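Here is protein33.txt, consisting of compact mmCIF, C-alpha atoms:
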# COMPACT_ATOMS: atom_id res chain seq x y z
CA MET A 1 -4.86 -6.39 -47.43
CA PRO A 2 -3.23 -7.66 -44.24
CA SER A 3 -4.14 -6.02 -40.92
CA ARG A 4 -1.61 -3.48 -39.63
CA ILE A 5 -0.07 -3.95 -36.20
CA LEU A 6 1.81 -1.13 -34.49
CA ILE A 7 4.32 -2.34 -31.91
CA VAL A 8 5.16 0.36 -29.35
CA GLU A 9 8.08 -0.87 -27.25
CA ASP A 10 11.33 0.80 -26.21
CA SER A 11 13.48 -2.35 -26.09
CA PRO A 12 14.82 -3.14 -29.59
CA LEU A 13 15.32 -6.77 -28.50
CA VAL A 14 11.65 -7.22 -27.66
CA THR A 15 10.50 -5.23 -30.71
CA GLU A 16 12.56 -7.44 -33.00
CA ALA A 17 11.03 -10.61 -31.54
CA PHE A 18 7.48 -9.28 -32.04
CA GLU A 19 8.31 -8.03 -35.51
CA ILE A 20 9.38 -11.53 -36.57
CA LEU A 21 6.34 -13.08 -34.88
CA PHE A 22 3.74 -10.82 -36.52
CA THR A 23 5.38 -10.75 -39.94
CA GLU A 24 5.50 -14.57 -39.96
CA ALA A 25 1.86 -14.62 -38.86
CA GLY A 26 0.97 -12.55 -41.94
CA TYR A 27 0.45 -9.09 -40.49
CA GLN A 28 1.82 -5.79 -41.73
CA VAL A 29 4.04 -4.41 -38.97
CA SER A 30 5.31 -0.98 -37.98
CA THR A 31 7.20 -0.06 -34.83
CA ALA A 32 7.69 2.86 -32.48
CA ALA A 33 9.98 3.24 -29.46
CA THR A 34 8.66 6.45 -27.90
CA VAL A 35 5.37 8.24 -27.26
CA ALA A 36 6.21 10.74 -30.01
CA GLU A 37 6.98 8.01 -32.57
CA GLY A 38 3.84 6.12 -31.54
CA ILE A 39 1.63 9.16 -32.23
CA GLU A 40 3.41 9.74 -35.54
CA GLN A 41 3.04 6.10 -36.67
CA GLY A 42 -0.54 5.93 -35.43
CA THR A 43 -1.59 8.97 -37.46
CA ALA A 44 0.44 8.14 -40.60
CA ALA A 45 -1.82 5.18 -41.50
CA PRO A 46 -4.78 3.48 -39.83
CA VAL A 47 -3.74 0.92 -37.20
CA ASP A 48 -5.78 -2.24 -36.70
CA LEU A 49 -4.04 -3.31 -33.52
CA MET A 50 -1.62 -1.48 -31.26
CA LEU A 51 0.58 -3.52 -28.92
CA LEU A 52 1.47 -0.94 -26.32
CA ASP A 53 4.25 -0.94 -23.76
CA LEU A 54 3.30 1.33 -20.88
CA SER A 55 6.69 2.52 -19.78
CA LEU A 56 8.38 4.53 -22.52
CA PRO A 57 11.38 6.88 -22.30
CA ASP A 58 9.32 10.02 -22.94
CA GLY A 59 6.14 9.12 -21.07
CA ASN A 60 3.34 6.62 -20.47
CA GLY A 61 2.20 4.53 -23.45
CA LEU A 62 -1.43 5.41 -22.74
CA GLU A 63 -0.67 8.99 -23.85
CA ILE A 64 -0.43 7.62 -27.41
CA LEU A 65 -3.90 6.09 -27.20
CA GLU A 66 -5.33 9.34 -25.81
CA ALA A 67 -3.64 11.41 -28.54
CA LEU A 68 -4.86 9.09 -31.32
CA LYS A 69 -8.41 9.20 -29.93
CA GLU A 70 -8.27 13.02 -29.88
CA ARG A 71 -7.16 13.05 -33.51
CA GLY A 72 -10.02 10.77 -34.47
CA SER A 73 -7.77 7.89 -35.55
CA PRO A 74 -7.64 5.40 -32.67
CA PRO A 75 -6.54 1.81 -33.43
CA ARG A 76 -9.36 -0.70 -33.84
CA ALA A 77 -7.99 -2.47 -30.76
CA THR A 78 -5.18 -1.90 -28.27
CA LEU A 79 -3.42 -4.45 -26.08
CA ALA A 80 -1.30 -2.99 -23.30
CA MET A 81 1.83 -4.75 -22.02
CA THR A 82 3.43 -4.27 -18.64
CA GLY A 83 6.18 -5.82 -16.61
CA HIS A 84 4.31 -5.40 -13.30
CA ASN A 85 1.14 -7.16 -12.30
CA ASP A 86 -0.40 -4.21 -10.55
CA ALA A 87 -4.13 -3.69 -10.21
CA LYS A 88 -3.98 0.11 -10.48
CA SER A 89 -2.21 0.29 -13.83
CA ARG A 90 -4.45 -2.50 -15.13
CA ARG A 91 -7.52 -0.45 -14.21
CA SER A 92 -6.17 2.70 -15.91
CA CYS A 93 -5.44 0.74 -19.13
CA LEU A 94 -8.94 -0.75 -19.26
CA ASP A 95 -10.46 2.67 -18.46
CA ALA A 96 -8.44 4.19 -21.33
CA GLY A 97 -10.01 1.67 -23.71
CA CYS A 98 -7.43 -1.13 -23.95
CA ALA A 99 -8.97 -4.51 -24.74
CA ASP A 100 -6.67 -6.26 -22.26
CA VAL A 101 -3.46 -5.84 -20.25
CA LEU A 102 -0.80 -8.49 -20.84
CA LEU A 103 2.00 -9.35 -18.48
CA LYS A 104 5.43 -9.50 -20.14
CA PRO A 105 6.72 -11.79 -21.46
CA VAL A 106 3.57 -12.53 -23.39
CA ARG A 107 3.00 -16.17 -24.42
CA ILE A 108 2.98 -16.02 -28.21
CA GLY A 109 0.28 -18.65 -28.76
CA ASP A 110 -2.15 -16.78 -26.49
CA LEU A 111 -1.18 -13.44 -28.04
CA LEU A 112 -1.79 -14.56 -31.63
CA ARG A 113 -5.14 -16.12 -30.68
CA GLN A 114 -6.20 -12.95 -28.87
CA ILE A 115 -5.20 -10.69 -31.79
CA LYS A 116 -7.00 -12.92 -34.26
CA SER A 117 -10.22 -12.75 -32.26
CA LEU A 118 -9.91 -8.95 -31.73
CA LEU A 119 -9.47 -8.35 -35.46
CA ALA A 120 -12.13 -10.86 -36.57
CA MET B 121 32.65 18.22 50.49
CA ILE B 122 32.18 21.18 48.17
CA MET B 123 35.32 20.22 46.28
CA SER B 124 34.02 16.66 45.88
CA ASP B 125 30.60 17.87 44.59
CA ARG B 126 32.37 20.04 42.09
CA GLY B 127 34.50 17.10 41.07
CA ASP B 128 31.37 14.91 40.63
CA ALA B 129 29.62 17.58 38.61
CA ALA B 130 32.63 17.96 36.32
CA ALA B 131 32.88 14.19 35.86
CA MET B 132 29.18 13.99 35.15
CA LYS B 133 29.40 16.81 32.62
CA LYS B 134 32.29 15.08 30.93
CA ARG B 135 30.39 11.76 30.90
CA LEU B 136 27.34 13.50 29.48
CA LYS B 137 29.42 15.03 26.71
CA THR B 138 30.89 11.62 25.86
CA LEU B 139 27.41 10.06 25.77
CA GLU B 140 26.12 12.84 23.56
CA ALA B 141 29.03 12.34 21.16
CA GLN B 142 28.39 8.57 21.13
CA ALA B 143 24.66 9.07 20.50
CA LYS B 144 25.49 11.42 17.63
CA GLU B 145 27.88 8.92 16.16
CA ALA B 146 25.35 6.10 16.52
CA GLN B 147 22.68 8.23 14.81
CA SER B 148 25.00 9.01 11.95
CA THR B 149 25.79 5.29 11.55
CA ILE B 150 22.05 4.52 11.50
CA ASP B 151 21.48 7.21 8.85
CA GLU B 152 24.35 5.87 6.78
CA LEU B 153 23.04 2.29 7.01
CA LYS B 154 19.51 3.40 6.10
CA SER B 155 20.79 5.26 3.09
CA ARG B 156 22.87 2.24 1.99
CA ASP B 157 19.88 -0.04 2.46
CA LYS B 158 17.80 2.29 0.29
CA LEU B 159 20.50 2.24 -2.39
CA LYS B 160 20.63 -1.56 -2.26
CA THR B 161 16.84 -1.77 -2.64
CA GLN B 162 16.91 0.66 -5.56
CA PHE B 163 19.72 -1.32 -7.18
CA LEU B 164 17.80 -4.60 -6.80
CA SER B 165 14.70 -3.01 -8.25
CA ASN B 166 16.54 -1.54 -11.27
CA ILE B 167 18.60 -4.63 -12.02
CA SER B 168 15.57 -6.93 -11.75
CA HIS B 169 13.63 -4.75 -14.15
CA ASP B 170 16.54 -4.52 -16.58
CA LEU B 171 17.11 -8.30 -16.47
CA ARG B 172 13.46 -8.88 -17.29
CA THR B 173 13.47 -7.13 -20.67
CA PRO B 174 16.18 -9.12 -22.54
CA LEU B 175 14.87 -12.28 -20.92
CA ALA B 176 11.41 -11.54 -22.33
CA ALA B 177 13.03 -11.22 -25.78
CA ILE B 178 14.89 -14.54 -25.36
CA ILE B 179 11.72 -16.36 -24.34
CA THR B 180 9.68 -14.86 -27.21
CA HIS B 181 12.35 -15.73 -29.82
CA ALA B 182 12.59 -19.28 -28.46
CA GLU B 183 8.79 -19.64 -28.53
CA ILE B 184 8.70 -18.45 -32.17
CA LEU B 185 11.19 -21.22 -33.01
CA ARG B 186 9.39 -23.84 -30.89
CA GLU B 187 6.03 -23.11 -32.52
CA GLY B 188 7.65 -23.80 -35.91
CA MET B 189 6.89 -20.31 -37.23
CA LEU B 190 10.30 -20.13 -38.92
CA GLY B 191 10.14 -23.70 -40.23
CA GLU B 192 9.31 -27.07 -38.73
CA LEU B 193 11.76 -28.42 -36.12
CA ASN B 194 12.58 -32.06 -35.56
CA THR B 195 11.92 -33.56 -32.12
CA LYS B 196 15.45 -33.05 -30.81
CA GLN B 197 15.50 -29.43 -31.95
CA ARG B 198 12.08 -28.79 -30.39
CA ASP B 199 13.17 -30.35 -27.07
CA SER B 200 16.28 -28.19 -27.03
CA VAL B 201 14.34 -24.99 -27.75
CA SER B 202 11.78 -26.00 -25.09
CA GLY B 203 14.73 -26.11 -22.68
CA ILE B 204 15.46 -22.46 -23.48
CA VAL B 205 11.82 -21.48 -22.91
CA ASN B 206 11.55 -23.41 -19.63
CA GLY B 207 14.91 -22.21 -18.30
CA GLY B 208 14.03 -18.64 -19.23
CA GLN B 209 10.67 -18.96 -17.52
CA GLN B 210 12.31 -20.27 -14.35
CA LEU B 211 14.76 -17.38 -14.35
CA LEU B 212 11.92 -14.96 -14.90
CA ASP B 213 10.04 -16.37 -11.88
CA MET B 214 13.12 -15.76 -9.74
CA ILE B 215 13.47 -12.18 -10.98
CA ASP B 216 9.79 -11.56 -10.25
CA GLU B 217 10.30 -12.93 -6.75
CA ILE B 218 13.11 -10.40 -6.19
CA LEU B 219 10.93 -7.58 -7.54
CA THR B 220 8.06 -8.57 -5.25
CA TYR B 221 10.41 -8.65 -2.30
CA VAL B 222 11.89 -5.24 -3.12
CA ARG B 223 8.43 -3.73 -3.38
CA SER B 224 7.22 -5.26 -0.14
CA ALA B 225 10.46 -4.30 1.68
CA SER B 226 10.17 -0.70 0.61
CA ASP B 227 6.45 -0.57 1.52
CA GLN B 228 5.39 -0.13 -2.10
CA VAL B 229 2.82 -2.89 -1.84
CA ALA B 230 -0.75 -1.74 -1.39
CA LEU B 231 -3.43 -4.29 -0.56
CA ALA B 232 -6.59 -4.51 -2.67
CA ARG B 233 -8.85 -6.18 -0.09
CA THR B 234 -12.08 -7.94 -0.86
CA ASP B 235 -14.08 -10.82 0.60
CA PHE B 236 -13.04 -14.05 -1.08
CA SER B 237 -13.16 -17.81 -0.73
CA ILE B 238 -9.88 -19.13 0.68
CA THR B 239 -10.67 -22.69 -0.39
CA GLN B 240 -11.03 -21.57 -4.01
CA VAL B 241 -7.60 -19.91 -3.85
CA VAL B 242 -6.06 -22.99 -2.24
CA ASP B 243 -7.56 -25.22 -4.94
CA GLN B 244 -6.20 -22.93 -7.67
CA VAL B 245 -2.69 -23.05 -6.16
CA ARG B 246 -2.96 -26.85 -5.86
CA LEU B 247 -3.86 -27.03 -9.53
CA LEU B 248 -0.97 -24.75 -10.53
CA ASN B 249 1.46 -27.00 -8.65
CA GLN B 250 -0.05 -30.27 -9.82
CA ALA B 251 2.52 -30.90 -12.58
CA LEU B 252 5.44 -30.19 -10.25
CA ALA B 253 3.98 -32.47 -7.56
CA ALA B 254 3.25 -35.24 -10.08
CA LYS B 255 6.91 -35.26 -11.12
CA LYS B 256 7.79 -36.20 -7.52
CA ARG B 257 4.73 -38.43 -7.10
CA LEU B 258 3.52 -36.12 -4.31
CA THR B 259 -0.08 -35.50 -3.33
CA ILE B 260 -1.35 -32.03 -2.40
CA GLU B 261 -4.53 -32.42 -0.37
CA ARG B 262 -6.97 -29.94 1.09
CA LEU B 263 -8.17 -31.58 4.29
CA ASN B 264 -11.17 -29.38 5.17
CA GLY B 265 -12.66 -25.89 4.71
CA ASP B 266 -15.79 -26.47 2.63
CA ASP B 267 -17.96 -24.69 5.22
CA LEU B 268 -15.66 -21.71 5.87
CA PRO B 269 -17.02 -18.16 5.51
CA LEU B 270 -15.27 -15.72 3.16
CA VAL B 271 -12.04 -14.14 4.38
CA TYR B 272 -11.12 -10.47 4.01
CA GLY B 273 -7.84 -9.70 2.28
CA ASP B 274 -5.96 -9.23 -0.97
CA ARG B 275 -6.74 -12.36 -2.96
CA ASP B 276 -3.65 -12.19 -5.21
CA LYS B 277 -1.29 -11.59 -2.28
CA VAL B 278 -2.77 -14.49 -0.30
CA LYS B 279 -2.43 -16.65 -3.40
CA HIS B 280 1.24 -15.62 -3.57
CA VAL B 281 1.75 -16.62 0.09
CA LEU B 282 0.10 -20.01 -0.51
CA GLY B 283 2.12 -20.47 -3.72
CA ASN B 284 5.37 -19.88 -1.87
CA LEU B 285 4.44 -22.19 1.04
CA ILE B 286 3.14 -25.02 -1.14
CA GLY B 287 6.07 -24.60 -3.58
CA ASN B 288 8.52 -24.92 -0.68
CA ALA B 289 6.68 -27.93 0.73
CA ILE B 290 6.99 -29.69 -2.65
CA LYS B 291 10.65 -28.72 -2.96
CA PHE B 292 11.63 -30.07 0.46
CA THR B 293 9.56 -33.27 0.47
CA GLN B 294 10.92 -36.53 -0.86
CA ASP B 295 9.37 -38.37 -3.78
CA GLY B 296 6.11 -40.06 -2.89
CA GLY B 297 5.48 -37.77 0.10
CA ARG B 298 2.47 -35.75 1.23
CA VAL B 299 1.68 -32.03 1.21
CA TRP B 300 -1.58 -30.75 2.70
CA VAL B 301 -3.52 -27.60 3.50
CA ALA B 302 -5.84 -27.49 6.51
CA PHE B 303 -7.84 -24.75 8.22
CA SER B 304 -8.76 -23.96 11.80
CA ARG B 305 -10.15 -20.93 13.62
CA ARG B 306 -8.83 -18.99 16.57
CA GLY B 307 -9.77 -15.94 18.61
CA ARG B 308 -12.59 -15.61 21.14
CA ASP B 309 -15.29 -15.97 18.52
CA GLY B 310 -13.18 -17.78 15.99
CA GLU B 311 -12.80 -14.49 14.10
CA GLU B 312 -9.39 -15.39 12.74
CA LEU B 313 -8.59 -18.09 10.21
CA VAL B 314 -5.45 -20.19 10.64
CA VAL B 315 -4.16 -21.72 7.41
CA GLU B 316 -1.80 -24.66 7.75
CA VAL B 317 0.47 -25.86 4.95
CA GLY B 318 2.08 -29.12 6.03
CA ASP B 319 4.38 -31.72 4.58
CA ASN B 320 6.10 -34.91 5.68
CA GLY B 321 9.43 -33.82 4.24
CA ARG B 322 12.86 -33.35 5.76
CA GLY B 323 11.77 -30.82 8.42
CA ILE B 324 13.59 -27.82 9.92
CA ALA B 325 15.74 -27.72 13.06
CA ARG B 326 14.34 -25.54 15.87
CA GLU B 327 17.33 -23.18 15.74
CA HIS B 328 16.44 -22.34 12.14
CA PHE B 329 12.78 -21.41 12.76
CA ASP B 330 13.53 -17.64 12.70
CA LEU B 331 16.18 -17.88 9.99
CA VAL B 332 13.81 -19.30 7.37
CA PHE B 333 11.65 -16.13 7.42
CA ARG B 334 14.65 -13.83 6.97
CA GLU B 335 15.39 -12.45 3.51
CA PHE B 336 18.18 -14.09 1.52
CA ALA B 337 18.57 -16.70 4.28
CA GLN B 338 18.74 -20.36 3.38
CA VAL B 339 19.30 -23.11 5.90
CA ASP B 340 21.80 -24.60 3.46
CA ALA B 341 23.36 -21.65 1.63
CA SER B 342 26.35 -23.52 0.20
CA PRO B 343 26.83 -23.41 -3.59
CA SER B 344 26.45 -27.18 -3.65
CA ARG B 345 23.07 -27.08 -1.89
CA PRO B 346 20.50 -29.37 -3.50
CA HIS B 347 17.72 -26.72 -3.64
CA HIS B 348 18.34 -23.44 -5.38
CA GLY B 349 16.24 -20.31 -5.19
CA THR B 350 16.34 -16.67 -4.24
CA GLY B 351 15.93 -17.33 -0.51
CA LEU B 352 13.12 -14.78 -0.56
CA GLY B 353 9.98 -16.93 -0.69
CA LEU B 354 9.29 -17.10 3.04
CA ALA B 355 10.47 -13.51 3.69
CA ILE B 356 7.93 -12.35 1.10
CA ALA B 357 5.25 -14.59 2.62
CA ARG B 358 5.96 -13.04 6.03
CA LYS B 359 5.76 -9.47 4.65
CA LEU B 360 2.49 -10.17 2.83
CA VAL B 361 0.91 -11.85 5.87
CA GLU B 362 2.02 -8.97 8.13
CA LEU B 363 0.47 -6.47 5.70
CA HIS B 364 -2.80 -8.28 6.47
CA SER B 365 -2.07 -7.81 10.21
CA GLY B 366 -1.63 -11.56 10.41
CA THR B 367 1.19 -13.71 11.78
CA ILE B 368 3.17 -16.54 10.25
CA TRP B 369 5.14 -19.25 12.01
CA VAL B 370 6.50 -22.74 11.60
CA GLU B 371 6.38 -25.92 13.66
CA SER B 372 8.71 -28.69 12.66
CA GLU B 373 11.10 -31.40 13.68
CA LEU B 374 13.99 -32.70 11.64
CA GLY B 375 12.92 -35.73 9.67
CA GLU B 376 9.30 -35.29 10.76
CA GLY B 377 8.09 -32.74 8.21
CA SER B 378 7.09 -29.10 8.64
CA ARG B 379 3.84 -27.24 9.26
CA PHE B 380 3.69 -23.57 8.30
CA TYR B 381 0.80 -21.53 9.69
CA PHE B 382 -0.52 -18.07 8.91
CA THR B 383 -3.54 -16.14 10.05
CA LEU B 384 -6.08 -14.05 8.16
CA PRO B 385 -9.11 -12.09 9.39
CA PHE B 386 -12.58 -13.26 8.35
CA ASP B 387 -14.18 -9.81 8.43
CA ALA B 388 -13.24 -6.26 7.55
CA PRO B 389 -12.31 -4.43 10.78
CA ARG B 390 -15.34 -2.59 12.13
CA ASP B 391 -14.86 0.98 13.39
Do you think you could lay out the structure here as structure tokens?
Amino acid sequence: MPSRILIVEDSPLVTEAFEILFTEAGYQVSTAATVAEGIEQGTAAPVDLMLLDLSLPDGNGLEILEALKERGSPPRATLAMTGHNDAKSRRSCLDAGCADVLLKPVRIGDLLRQIKSLLA
Amino acid sequence: MIMSDRGDAAAMKKRLKTLEAQAKEAQSTIDELKSRDKLKTQFLSNISHDLRTPLAAIITHAEILREGMLGELNTKQRDSVSGIVNGGQQLLDMIDEILTYVRSASDQVALARTDFSITQVVDQVRLLNQALAAKKRLTIERLNGDDLPLVYGDRDKVKHVLGNLIGNAIKFTQDGGRVWVAFSRRGRDGEELVVEVGDNGRGIAREHFDLVFREFAQVDASPSRPHHGTGLGLAIARKLVELHSGTIWVESELGEGSRFYFTLPFDAPRD
């Protein structure tokens, strides 16, 4: 059974690129573009890894992680993505339980290696 | 006499009224300009952010192709796709430079100060620029600094300043030239560090010393200029140095190379 990756990202262009990447790498992929969709997808089936954009149209991506933790179904690992290299938002992601905070655009080689080691 | 005093008083009153009207007009122009400047900054911030997202998608798609995840590419195909990745990355760096400038210009940059080793940061920036320098057969040397105490500042911001200065030095120095970083101390007890980034490149004319630190200014701004960029690198460096209460300046002569200097405090200010 392949690991399930949930991509939470509001840009369809970026989502599509990640969808191709993870499907080709052998993962099962689902996507969400808002906080509400993220919570829905995250509770519908267990998520092994959540790739989480912080800035979403209806709120901050970390709200999804908090909600999933409250419902007792957090992903095994979460990687946050942000467009800004800012120390404060990095701190809040790590405090919320993200394994790492990646600066967009993420280098795919590094990303796949990191996911592989997180899910090992 | 009385008539003349009255006449003077009336003239003065009239003059005062004119001045008041002019001051009001000037104030309203200032307010208008400030509001336009704010709009411009907001526009730059939004557009930079919006440019970043599709560019991130382009780079990721191109990387998927380059890594052969959708089928093996031949050498020519891989070189061509690498061109997309590299061009996209270069564009992204420019957009990030604009975003950094917008944030620093609108005072959205907060410093995260710690004590850190300036020589370590310089060596990291030298390493990051090694490939670029090698292409032009340039050397980037660090001339001294092994015995320096730690400096107090925002490590990432200082790294950004050094990156911009060293990047510029490489850009404006001919093949086979020299770029160096050297340190000295100033102040009564040597409490301030002076960082020098020098090169033996084309140099800058004295009348352009102020211009180079101004945003969007380029000594050669013509479309056919040999060196392209946002024209923000040194303006950002100046902002970031000033946030550290430091100063930045240049000494140069045309054809003789340039030396950029900036200062940083060694210690946290004591109350």
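Taking only C-alpha atoms into account, Arg298 of chain B lies nearest to B:Glu376 out of the set B:Glu376, B:Asp243, B:Glu362, B:Glu311.
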Would you list which chain A residues are within 6 Å of chain B using only C-alpha atoms, as a list in words?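 Close to chain B, chain A has Leu13, Val14, Ala17 and Pro105 of chain A.
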Could you check how far atom CA of Asn166 of chain B sits from atom CA of Met214 of chain B, in Å to one decimal? 14.7 Å
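Among A:Lys104, A:Ser55, A:Pro12, A:Ala44, the residue with the shortest atom-to-atom distance to Asp213 of chain B, counting only C-alpha atoms, is A:Lys104.
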Figure out the distance between atom CA of Leu6 of chain A and atom CA of Ala96 of chain A, please, to one decimal in Å.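 Calculated distance between atom CA of Ala96 of chain A and atom CA of Leu6 of chain A is 17.5 Å.
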Would you pick out the contacts of Ile218 of chain B at 9 Å or less, using all atoms listed in the file, so that residues sharing its chain but fewer than 6 positions from it are not included, and give the list as a list in words?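 The contact residues come out as Leu164, Ser165, Ser168, Thr350 and Leu352 of chain B.
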Which residue of A:Leu62, A:Val8, A:Met1, A:Ala67 approaches Ser89 of chain A most closely, using all atoms listed in the file: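 Of the candidates, the smallest distance to Ser89 of chain A is held by A:Leu62.
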At what distance in Å, to one decimal, does atom CA of Phe380 of chain B lie from atom CA of Ile356 of chain B?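 It comes out at 14.0 Å.
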Return the single residue from A:Leu54, A:Ala32, A:Val47, A:Ile64 that is closest to Ala77 of chain A, with distances computed using all atoms listed in the file.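 Closest candidate: A:Val47.
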Could you give me the axis-aligned bounding box of segment 36-46 of chain A, with 3 Å of padding per side, as centre plus edge lengths in Å to one decimal, as AutoDock Vina command-line options?
--center_x 1.1 --center_y 7.1 --center_z -35.8 --size_x 17.8 --size_y 13.3 --size_z 17.5
Using all atoms listed in the file, which protein or nucleic acid residues come within 7 Å of Thr234 of chain B? Drop anything in the same chain fewer than 3 positions from it, and give the result as JSON, numbers by chain. {"B": [272, 273, 274]}
Taking only C-alpha atoms into account, name the residue in A:Leu65, A:Arg71, A:Glu40, A:Pro2 that is nearest to Leu94 of chain A.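 Ranking A:Leu65, A:Arg71, A:Glu40, A:Pro2 by distance to Leu94 of chain A, first place goes to A:Leu65.
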List the neighbours of Gly307 of chain B out to 12 Å using all atoms listed in the file; skip same-chain residues closer than 3 positions along the sequence, and give me the result as a VMD selection string. chain B and resid 304 310 to 314 383 to 386
